[in-house]
Amino acid sequence: MNKQTQNALTPLSPSLHANVKAVRSRFGGSSDLVVRLFRSDAAPDRELAVVYVDGLVNASTINESIMEPLMGMALPEHAPRKGEKMIDALRGCVVSVGSVREVRTLDEALQGMADGLCLILADGSAAALTADANGGDQRAVTNPQTQTVIRGPQYGFVENIRTNISLVRRIIRSPNLHVQMHKIGRQTNSNVAVLYLHGVVDEGILKEVYRRLADIDIDGVLESGYIEEFIQDETFTLFPTLLNTERPDTVAAALLEGRVAVLVDGTPIALMAPTNFFTFFQSPEDFYQRYDIASFVRIIRYAAFIVSMLLPALYIAVTTYHQEMLPTTLLISLAAQREGIPFPGLIEALLMELTFEVLREAGLRMPRAIGPAISIVGALVLGQSAVQAGIVSAGMVIVVSFTAISNFVMPESNMAATSRILRFAFMLMAGMLGFFGIFISVLFMLIHMTSLRSFGVPYMSPMAPGPKKQGLWRDVFVRLPWWAVVLRPLDMKLRNPKRRPNGRKPAAQRHSDNP
Amino acid sequence: MQQIGKRQMSILIIVFLIGSTPLFELGIKAKQDAWIAMTLAAAAGLLLTVMYLRIHKRAPEAGLSELYMMHFGKWLGGAVGLLHACWFAYESMRNVRDVGELTSMALLTLTPKWIVMLLILLASAYTVSKGLEVFVRVGQLLFPIAAVSYALVLLLLLITGLPDIHHLRPVLENGFAPVWRAAFPDLLSFPFGQIVIMLVFWKYVAEKKEIGRITYWSQTGVSIFLIMMNVVIMSVLGPELASVSSLPLLEVVQLIRLANFLERLDVIVTLLLFIGLYVKMTALYMASVFSVNAVTGIAYRYCVMPIGLLIYGSSFLEPNNTYHIWIGLDITLKVVPLFQVALPLLMLLVGVRKKYKAKTKTS
């Protein structure tokens with residue numbers, strides 16, 4: 001509930017027409033406000049009104065479950081016919097919608113209508129009903145756009161928070177999945193849902209999430225990114241401290257691990273906290289594939305992360321300061337390539353990296369129809385021709401392309417963004433101070449990373465500080481078979497830290513050797 | 001109060017004691033018997049640790065300066081504490097200068113030293129300002145890198161067959177006296193006696209009961225590693241070459257050539273040494289800040305910058321590397337026993353004589 005409504009709670013008037021007028025004027029005479037005044041057997045000698053915002057409600061629910069009973073049915077003999085008691089009787093005996101609530105103030109009624117509820121008013125009653133007829137057009141549940149997997153569920157979140165919660169509920173079919181709704185945004189009054197698994201979650205962290213959500217005061221929340229920037233531990237850091245996903249199975253997995261998920265109405269991207277650095281290298285597919293290939297791919301991801309941060313910097317450092325490290329033949333071939341290049345290594349690398357960033361951004365913004373033009377311009381004109389024209393060396397083009405490809409390996413795009421930005425810092429330091437510059441900047445990065453926390457959980461745990469419980473290692477750099485992963489992964493004070501009773505492999509049926 | 005775990009303490013001891021030690025061929029005065037001198041010094045170092053641990057056990061919640069103040073009284077103890085803090089800062093400065101010299105010799109010959117030293121000291125100051133917890137975590141991240149790299153270097157040396165056991169013979173050619181003279185006090189003071197710094201950090205260890213056990217094991221392990229590195233360098237270079245070389249380890253690594261691809265690994269090893277130097281410099285810097293804070297009561301965060309500036313400024317006092325090495329491996333080592341042996345021993349004796357009443361004071 002936001003501050004505006006708390007300050008000025010206008011009660012509803014007993015007069016129907018006064019109420020309708022008030023609603024109309026508060027909506028400023030908006031043309032999508034539908035007011036239907038009628039008399040019926042349900043309440044003889046009383047005028048009734050159904051008020052809703054067109055497009056937010058489901059027309060067939062309004063017609064079949066609200067209008068039809070109201071106009072067609074009569075109240076039972078003994079039911080009261082006057083005032084607020086009648087409204088109560090209407091709720092009890094006539095309106096056939098699942099969720100009906102009585103409201104007594106104009107502000108509650110207006111808020112309900114903005115949320116897609118249908119308001120039922122009766123003359124002579126200072127109370128009204130809001131009936132849930134939520135509906136209207138929305139995107140259907142489809143494949144996730146950003147986090148695709150080969151093996152695993154193929155559906156993602158949509159923009160409707162109710163659908164999204166139901167998608168998670170369909171995975172965790174337990175009353176222990178608790179959902180707490182909050183309204184955030186003075187103007188948008190967006191629904192923000194906090195999901196957690198009761199009996200598993202760390203209560204302290206849950207309280208902290210509530211506290212940080214309650215502190216948010218903003219006019220509008222259009223995407224979960226707004227919430228993320230308000231509730232993250234540290235603002236001035238390049239590293240993300242909340243996980244993002246648009247996959248219901250990822251949210252379910254996070255809840256099972258004792259994390260808290262935050263869903264925001266109007267976006268398919270959910271937030272999950274707390275997290276550590278290493279979780280950003282886990283794709284949902286890691287847990288669906290066999291553990292051996294999953295572990296292999298995970299190590300590849302760590303390597304790709306390092307490559308995408310450091311490769312251009314290393315190339316600059318080696319070609320500018322430490323040529324003696326290269327084997328002679330390679331050195332000669334590189335030197336021959338660079339012979340006609342007018343720029344020093346740093347400028348050459350910055351030129352190519354910036355070009356790539358521009359290409360990438362253009363590829364995102366460009367209308368689909370002319371998309372292929374990007375690849376032609378990018379690959380042919382900027383790659384091949386730049387080398388032929390002697391502006392950059394072929395070696396540099398290889399380095400930049402491999403760096404770019406490595407960056408796309410990251411399962412979490414916000415961690416990939418981190419490496420994209422850090423890359424430039426490393427390149428500058430390498431250009432000025434060679435390997436020493438790289439060492440210093442990596443050192444600064446490590447110090448910064450170890451000082452980060454996500455909702456109280458150290459960012460680099462379970463590596464630094466080390467795991468408090470043995471066995472937390474089993475799902476960090478590699479993933480051991482599921483039966484060996486006993487503990488929930490984070491160093492939190494979980495109510496129920498174990499996933500399964502013990503680490504033993506389920507006994508396989510012994511084959512008989514007899515034919 | 002900040003707390004660190006026993007494993008973190010173990011890693012701190014290991015990386016701290018390694019520091020830049022493998023860079024030099026210590027105990028070269030004993031020629032091919034340098035490793036025997038190292039072993040003697042390492043054993044004596046363990047004895048020192050026994051003494052430090054006994055002092056620590058009297059007041060497990062007290063740091064070095066607090067211990068001084070308890071034993072020698074508020075004023076005298078405070079003064080000694082400040083003196084020791086200065087000594088920590090001086091030792092930290094030596095490591096800063098080491099980085100500067102190492103960089104200009106091995107990596108960036110033309111880059112001015114002031115920028116190199118400024119950057120490494122900034123990283124150090126950043127760590128110190130974040131506190132001990134963050135520092136030991138950084139140590140935990142760097143330790144695996146250092147361990148794997150050293151293992152790789154040793155493995156490569158073995159594969160290429162460079163070590164020659166004949167360089168270590170004849171054993172005890174000139175009798176025992178030169179070995180003894182090489183070991184004491186020089187080798188005891190650097191690196192083994194530097195463990196005195198743990199008197200500052202032990203009070204932050206959560207598992208108080210296991211401090212002794214973990215410290216002994218870590219120190220023994222790292223001593224064995226250092227002796228091994230000493231043996232390897234000696235067996236590759238031989239006593240003559242090792243004694244004239246200014247950076248023997250880098251010379252050794254430069255000799256590695258494998259499959260026409262792995263060569264000139266000295267650049268990598270230099271970075272490896274930076275890890276040790278960074279940890280050592282930061283630990284000493286932090287110890288200095290902790291001590292000043294404990295004696296004067298000036299807030300921790302206000303101590304960081306002035307001490308950092310002091311370290312940075314004093315790192316320019318020595319005119320060149322030869323001078324720097326001479327002061328470090330000669331003059332300094334004659335003064336160190338005051339801080340590593342004399343003062344703690346005095347504390348031990350004073351405590352015994354007074355029947356030690358400080359327990360009531362601390363609690």
# chains A, B, ... in the order shown; residues from 1 in each chain; ligands from 1
$ closest_atom_pairs --of "chain A" --to "chain B" --cutoff "7 Å" --atoms "only C-alpha atoms" --output "tab-separated table"
residue	atom	partner	partner_atom	distance
A:Glu324	CA	B:Arg264	CA	6.7
A:Met325	CA	B:Arg264	CA	5.3
A:Pro327	CA	B:Phe261	CA	5.6
A:Ile440	CA	B:Ile120	CA	6.7
A:Phe444	CA	B:Ala123	CA	6.0
A:Leu446	CA	B:Val138	CA	6.5
A:Ile447	CA	B:Val138	CA	5.9
A:Thr450	CA	B:Val134	CA	5.9
A:Ser451	CA	B:Val134	CA	5.6
A:Ala464	CA	B:Arg137	CA	4.7
A:Pro465	CA	B:Arg137	CA	5.6
$ write_last_selection --atoms "N, CA and C atoms" --output "PDB file, in the first residue's frame"
ATOM      1  N   GLU A 324      59.692 -11.569 -25.704  1.00  0.00           N
ATOM      2  CA  GLU A 324      60.596 -12.709 -25.512  1.00  0.00           C
ATOM      3  C   GLU A 324      59.847 -13.961 -25.080  1.00  0.00           C
ATOM      4  N   MET A 325      58.591 -13.799 -24.633  1.00  0.00           N
ATOM      5  CA  MET A 325      57.859 -14.981 -24.176  1.00  0.00           C
ATOM      6  C   MET A 325      57.379 -15.847 -25.321  1.00  0.00           C
ATOM      7  N   PRO A 327      57.406 -18.072 -28.716  1.00  0.00           N
ATOM      8  CA  PRO A 327      58.339 -18.883 -29.489  1.00  0.00           C
ATOM      9  C   PRO A 327      58.766 -18.096 -30.729  1.00  0.00           C
ATOM     10  N   ILE A 440      48.182  -6.064 -11.414  1.00  0.00           N
ATOM     11  CA  ILE A 440      47.622  -5.103 -10.473  1.00  0.00           C
ATOM     12  C   ILE A 440      46.110  -5.000 -10.643  1.00  0.00           C
ATOM     13  N   PHE A 444      43.273  -5.848  -7.869  1.00  0.00           N
ATOM     14  CA  PHE A 444      42.214  -4.932  -7.431  1.00  0.00           C
ATOM     15  C   PHE A 444      40.852  -5.588  -7.590  1.00  0.00           C
ATOM     16  N   LEU A 446      40.138  -8.789  -7.548  1.00  0.00           N
ATOM     17  CA  LEU A 446      39.939  -9.849  -6.552  1.00  0.00           C
ATOM     18  C   LEU A 446      39.634  -9.256  -5.181  1.00  0.00           C
ATOM     19  N   ILE A 447      40.349  -8.194  -4.804  1.00  0.00           N
ATOM     20  CA  ILE A 447      40.090  -7.574  -3.504  1.00  0.00           C
ATOM     21  C   ILE A 447      38.647  -7.088  -3.458  1.00  0.00           C
ATOM     22  N   THR A 450      36.160 -10.051  -3.188  1.00  0.00           N
ATOM     23  CA  THR A 450      36.063 -10.702  -1.883  1.00  0.00           C
ATOM     24  C   THR A 450      35.370  -9.812  -0.865  1.00  0.00           C
ATOM     25  N   SER A 451      35.327  -8.504  -1.131  1.00  0.00           N
ATOM     26  CA  SER A 451      34.665  -7.638  -0.156  1.00  0.00           C
ATOM     27  C   SER A 451      33.167  -7.531  -0.429  1.00  0.00           C
ATOM     28  N   ALA A 464      36.472 -18.275  -0.919  1.00  0.00           N
ATOM     29  CA  ALA A 464      37.069 -17.351   0.034  1.00  0.00           C
ATOM     30  C   ALA A 464      35.961 -16.503   0.642  1.00  0.00           C
ATOM     31  N   PRO A 465      35.547 -16.730   1.854  1.00  0.00           N
ATOM     32  CA  PRO A 465      36.032 -17.731   2.796  1.00  0.00           C
ATOM     33  C   PRO A 465      35.640 -19.143   2.389  1.00  0.00           C
TER      34      PRO A 465
END
$ select_by_dssp --residues "region 329-497 of chain A" --states "strand (DSSP E or B)" --output "list in words"
Arg453, Ser454, Val457, Pro458, Asp475, Arg479 and Leu487 of chain A
$ residues_around --residues "region 342-352 of chain B" --least-positions-apart "5" --cutoff "8 Å" --atoms "only C-alpha atoms" --output "PyMOL selection string"
chain B and resi 51-52+54-55+68+71-72+337
$ write_last_selection --atoms "N, CA and C atoms" --output "mmCIF file, in the first residue's frame"
data_model
loop_
_atom_site.group_PDB
_atom_site.id
_atom_site.type_symbol
_atom_site.label_atom_id
_atom_site.label_comp_id
_atom_site.auth_asym_id
_atom_site.auth_seq_id
_atom_site.Cartn_x
_atom_site.Cartn_y
_atom_site.Cartn_z
ATOM 1 N N MET B 51 57.757 -20.056 21.521
ATOM 2 C CA MET B 51 57.784 -18.946 22.469
ATOM 3 C C MET B 51 56.616 -17.988 22.227
ATOM 4 N N TYR B 52 56.423 -17.629 20.969
ATOM 5 C CA TYR B 52 55.324 -16.685 20.648
ATOM 6 C C TYR B 52 53.989 -17.257 21.094
ATOM 7 N N ARG B 54 53.402 -19.325 23.463
ATOM 8 C CA ARG B 54 53.256 -19.296 24.928
ATOM 9 C C ARG B 54 52.820 -17.909 25.378
ATOM 10 N N ILE B 55 53.429 -16.897 24.776
ATOM 11 C CA ILE B 55 53.041 -15.526 25.145
ATOM 12 C C ILE B 55 51.583 -15.291 24.762
ATOM 13 N N TYR B 68 52.483 -6.060 24.768
ATOM 14 C CA TYR B 68 53.577 -5.212 25.236
ATOM 15 C C TYR B 68 53.112 -4.358 26.397
ATOM 16 N N HIS B 71 52.738 -6.310 29.584
ATOM 17 C CA HIS B 71 53.963 -6.775 30.228
ATOM 18 C C HIS B 71 54.829 -5.636 30.727
ATOM 19 N N PHE B 72 54.918 -4.559 29.940
ATOM 20 C CA PHE B 72 55.863 -3.503 30.279
ATOM 21 C C PHE B 72 55.174 -2.262 30.840
ATOM 22 N N PRO B 337 66.777 -9.266 15.333
ATOM 23 C CA PRO B 337 66.649 -10.102 16.541
ATOM 24 C C PRO B 337 66.087 -9.354 17.728
#
$ closest_residue --among "A:Gly135, A:Gly55, A:Gly383, A:Gly431" --to "Pro344 (chain A)" --atoms "only C-alpha atoms"
A:Gly431
$ residues_around --residues "Gly212 (chain B)" --least-positions-apart "3" --cutoff "10 Å" --atoms "only C-alpha atoms" --output "PDB file with N, CA and C atoms, in the first residue's frame"
ATOM      1  N   THR B  49      58.451 -19.892  17.371  1.00  0.00           N
ATOM      2  CA  THR B  49      56.993 -19.988  17.351  1.00  0.00           C
ATOM      3  C   THR B  49      56.471 -20.536  18.679  1.00  0.00           C
ATOM      4  N   VAL B  50      57.200 -21.509  19.244  1.00  0.00           N
ATOM      5  CA  VAL B  50      56.793 -22.050  20.543  1.00  0.00           C
ATOM      6  C   VAL B  50      56.723 -20.920  21.567  1.00  0.00           C
ATOM      7  N   TYR B  52      56.423 -17.629  20.969  1.00  0.00           N
ATOM      8  CA  TYR B  52      55.324 -16.685  20.648  1.00  0.00           C
ATOM      9  C   TYR B  52      53.989 -17.257  21.094  1.00  0.00           C
ATOM     10  N   LEU B  53      53.804 -18.546  20.854  1.00  0.00           N
ATOM     11  CA  LEU B  53      52.515 -19.148  21.206  1.00  0.00           C
ATOM     12  C   LEU B  53      52.305 -19.135  22.720  1.00  0.00           C
ATOM     13  N   ARG B  54      53.402 -19.325  23.463  1.00  0.00           N
ATOM     14  CA  ARG B  54      53.256 -19.296  24.928  1.00  0.00           C
ATOM     15  C   ARG B  54      52.820 -17.909  25.378  1.00  0.00           C
ATOM     16  N   HIS B  56      51.240 -15.757  23.578  1.00  0.00           N
ATOM     17  CA  HIS B  56      49.867 -15.537  23.096  1.00  0.00           C
ATOM     18  C   HIS B  56      48.851 -16.198  24.008  1.00  0.00           C
ATOM     19  N   LYS B  57      49.179 -17.398  24.495  1.00  0.00           N
ATOM     20  CA  LYS B  57      48.222 -18.163  25.315  1.00  0.00           C
ATOM     21  C   LYS B  57      47.858 -17.423  26.600  1.00  0.00           C
ATOM     22  N   TRP B 202      46.819 -13.491  15.648  1.00  0.00           N
ATOM     23  CA  TRP B 202      46.239 -14.667  16.304  1.00  0.00           C
ATOM     24  C   TRP B 202      44.946 -14.345  17.031  1.00  0.00           C
ATOM     25  N   LYS B 208      40.321 -20.730  18.793  1.00  0.00           N
ATOM     26  CA  LYS B 208      41.502 -20.426  19.595  1.00  0.00           C
ATOM     27  C   LYS B 208      42.293 -21.680  19.968  1.00  0.00           C
ATOM     28  N   LYS B 209      41.571 -22.778  20.198  1.00  0.00           N
ATOM     29  CA  LYS B 209      42.252 -23.970  20.698  1.00  0.00           C
ATOM     30  C   LYS B 209      43.164 -24.594  19.662  1.00  0.00           C
ATOM     31  N   THR B 215      49.371 -23.684  13.434  1.00  0.00           N
ATOM     32  CA  THR B 215      50.559 -22.879  13.174  1.00  0.00           C
ATOM     33  C   THR B 215      51.782 -23.769  12.976  1.00  0.00           C
ATOM     34  N   TYR B 216      51.960 -24.750  13.884  1.00  0.00           N
ATOM     35  CA  TYR B 216      53.124 -25.624  13.751  1.00  0.00           C
ATOM     36  C   TYR B 216      53.108 -26.338  12.407  1.00  0.00           C
ATOM     37  N   TRP B 217      51.970 -26.893  12.048  1.00  0.00           N
ATOM     38  CA  TRP B 217      51.905 -27.644  10.796  1.00  0.00           C
ATOM     39  C   TRP B 217      52.184 -26.746   9.591  1.00  0.00           C
TER      40      TRP B 217
END
$ residues_around --residues "Glu84 (chain A)" --least-positions-apart "5" --cutoff "9 Å" --atoms "only C-alpha atoms" --output "compact mmCIF listing (two decimals) with N, CA and C atoms, in the first residue's frame"
# COMPACT_ATOMS: atom_id res chain seq x y z
N ALA A 89 -25.24 -10.06 0.96
CA ALA A 89 -26.05 -11.14 0.41
C ALA A 89 -25.72 -11.37 -1.06
N ALA A 122 -24.10 -0.75 -5.13
CA ALA A 122 -25.56 -0.78 -4.98
C ALA A 122 -26.01 0.50 -4.31
N GLY A 124 -27.72 2.90 -1.84
CA GLY A 124 -28.05 2.79 -0.44
C GLY A 124 -27.03 2.04 0.37
N SER A 125 -25.93 1.65 -0.24
CA SER A 125 -24.91 0.91 0.52
C SER A 125 -23.58 1.64 0.45
N ALA A 126 -22.96 1.83 1.61
CA ALA A 126 -21.65 2.49 1.63
C ALA A 126 -20.54 1.46 1.45
N ALA A 127 -20.92 0.23 1.17
CA ALA A 127 -19.91 -0.79 0.88
C ALA A 127 -20.11 -1.25 -0.55
N ALA A 128 -19.06 -1.72 -1.16
CA ALA A 128 -19.16 -2.20 -2.53
C ALA A 128 -18.39 -3.50 -2.64
$ atom_distance --atom1 "CA of Gly297 (chain B)" --atom2 "CA of Leu309 (chain B)"
19.5 Å
$ residues_around --residues "Gln282 (chain A)" --least-positions-apart "3" --cutoff "9 Å" --atoms "only C-alpha atoms" --output "short mmCIF file (atom, residue, chain, number, x, y, z; two decimals) with C-alpha atoms, in the first residue's frame"
data_model
loop_
_atom_site.label_atom_id
_atom_site.label_comp_id
_atom_site.auth_asym_id
_atom_site.auth_seq_id
_atom_site.Cartn_x
_atom_site.Cartn_y
_atom_site.Cartn_z
CA PHE A 278 30.07 -19.07 -8.92
CA THR A 279 26.33 -19.39 -9.39
CA GLU A 285 21.14 -27.42 -18.30
CA ASP A 286 24.04 -28.35 -16.03
CA PHE A 287 21.57 -30.09 -13.80
CA ARG A 298 31.24 -25.57 -16.64
CA ARG A 301 32.69 -21.44 -19.04
CA MET A 410 28.27 -16.98 -20.20
CA PRO A 411 24.86 -18.27 -19.16
CA GLU A 412 24.07 -15.04 -17.31
CA VAL A 476 31.02 -25.24 -7.76
#
$ closest_residue --among "B:Ala183, B:Val148, B:Leu333, B:Leu237" --to "Lys29 (chain B)" --atoms "only C-alpha atoms"
B:Ala183
$ atom_distance --atom1 "CA of Ser96 (chain A)" --atom2 "CA of Pro80 (chain A)"
18.8 Å
$ select_by_dssp --residues "region 272-380 of chain A" --states "alpha helix (DSSP H)" --output "PyMOL selection string"
chain A and resi 291-320+328-338+345-365+371-375
$ residues_around --residues "Lys493 (chain A)" --least-positions-apart "2" --cutoff "12 Å" --atoms "only C-alpha atoms" --output "list in words"
Gly199, Val200, Val201, Asp202, Glu203, Gly204, Ile205, Leu206, Glu257, Gly258, Arg259, Pro274, Gly456, Val457, Lys468, Lys469, Arg488, Pro489, Leu490, Asp491, Arg495, Asn496, Pro497 and Lys498 of chain A
$ closest_residue --among "A:Leu90, A:Ile300, A:Val262, A:Ile347" --to "Ala430 (chain A)" --atoms "only C-alpha atoms"
A:Ile347
$ closest_residue --among "B:Gly161, B:Gly276, B:Gly63, B:Gly73" --to "Val289 (chain B)" --atoms "only C-alpha atoms"
B:Gly63
$ closest_residue --among "B:Trp87, B:Trp180, B:Tyr285, B:Phe290" --to "Trp35 (chain B)" --atoms "only C-alpha atoms"
B:Trp180
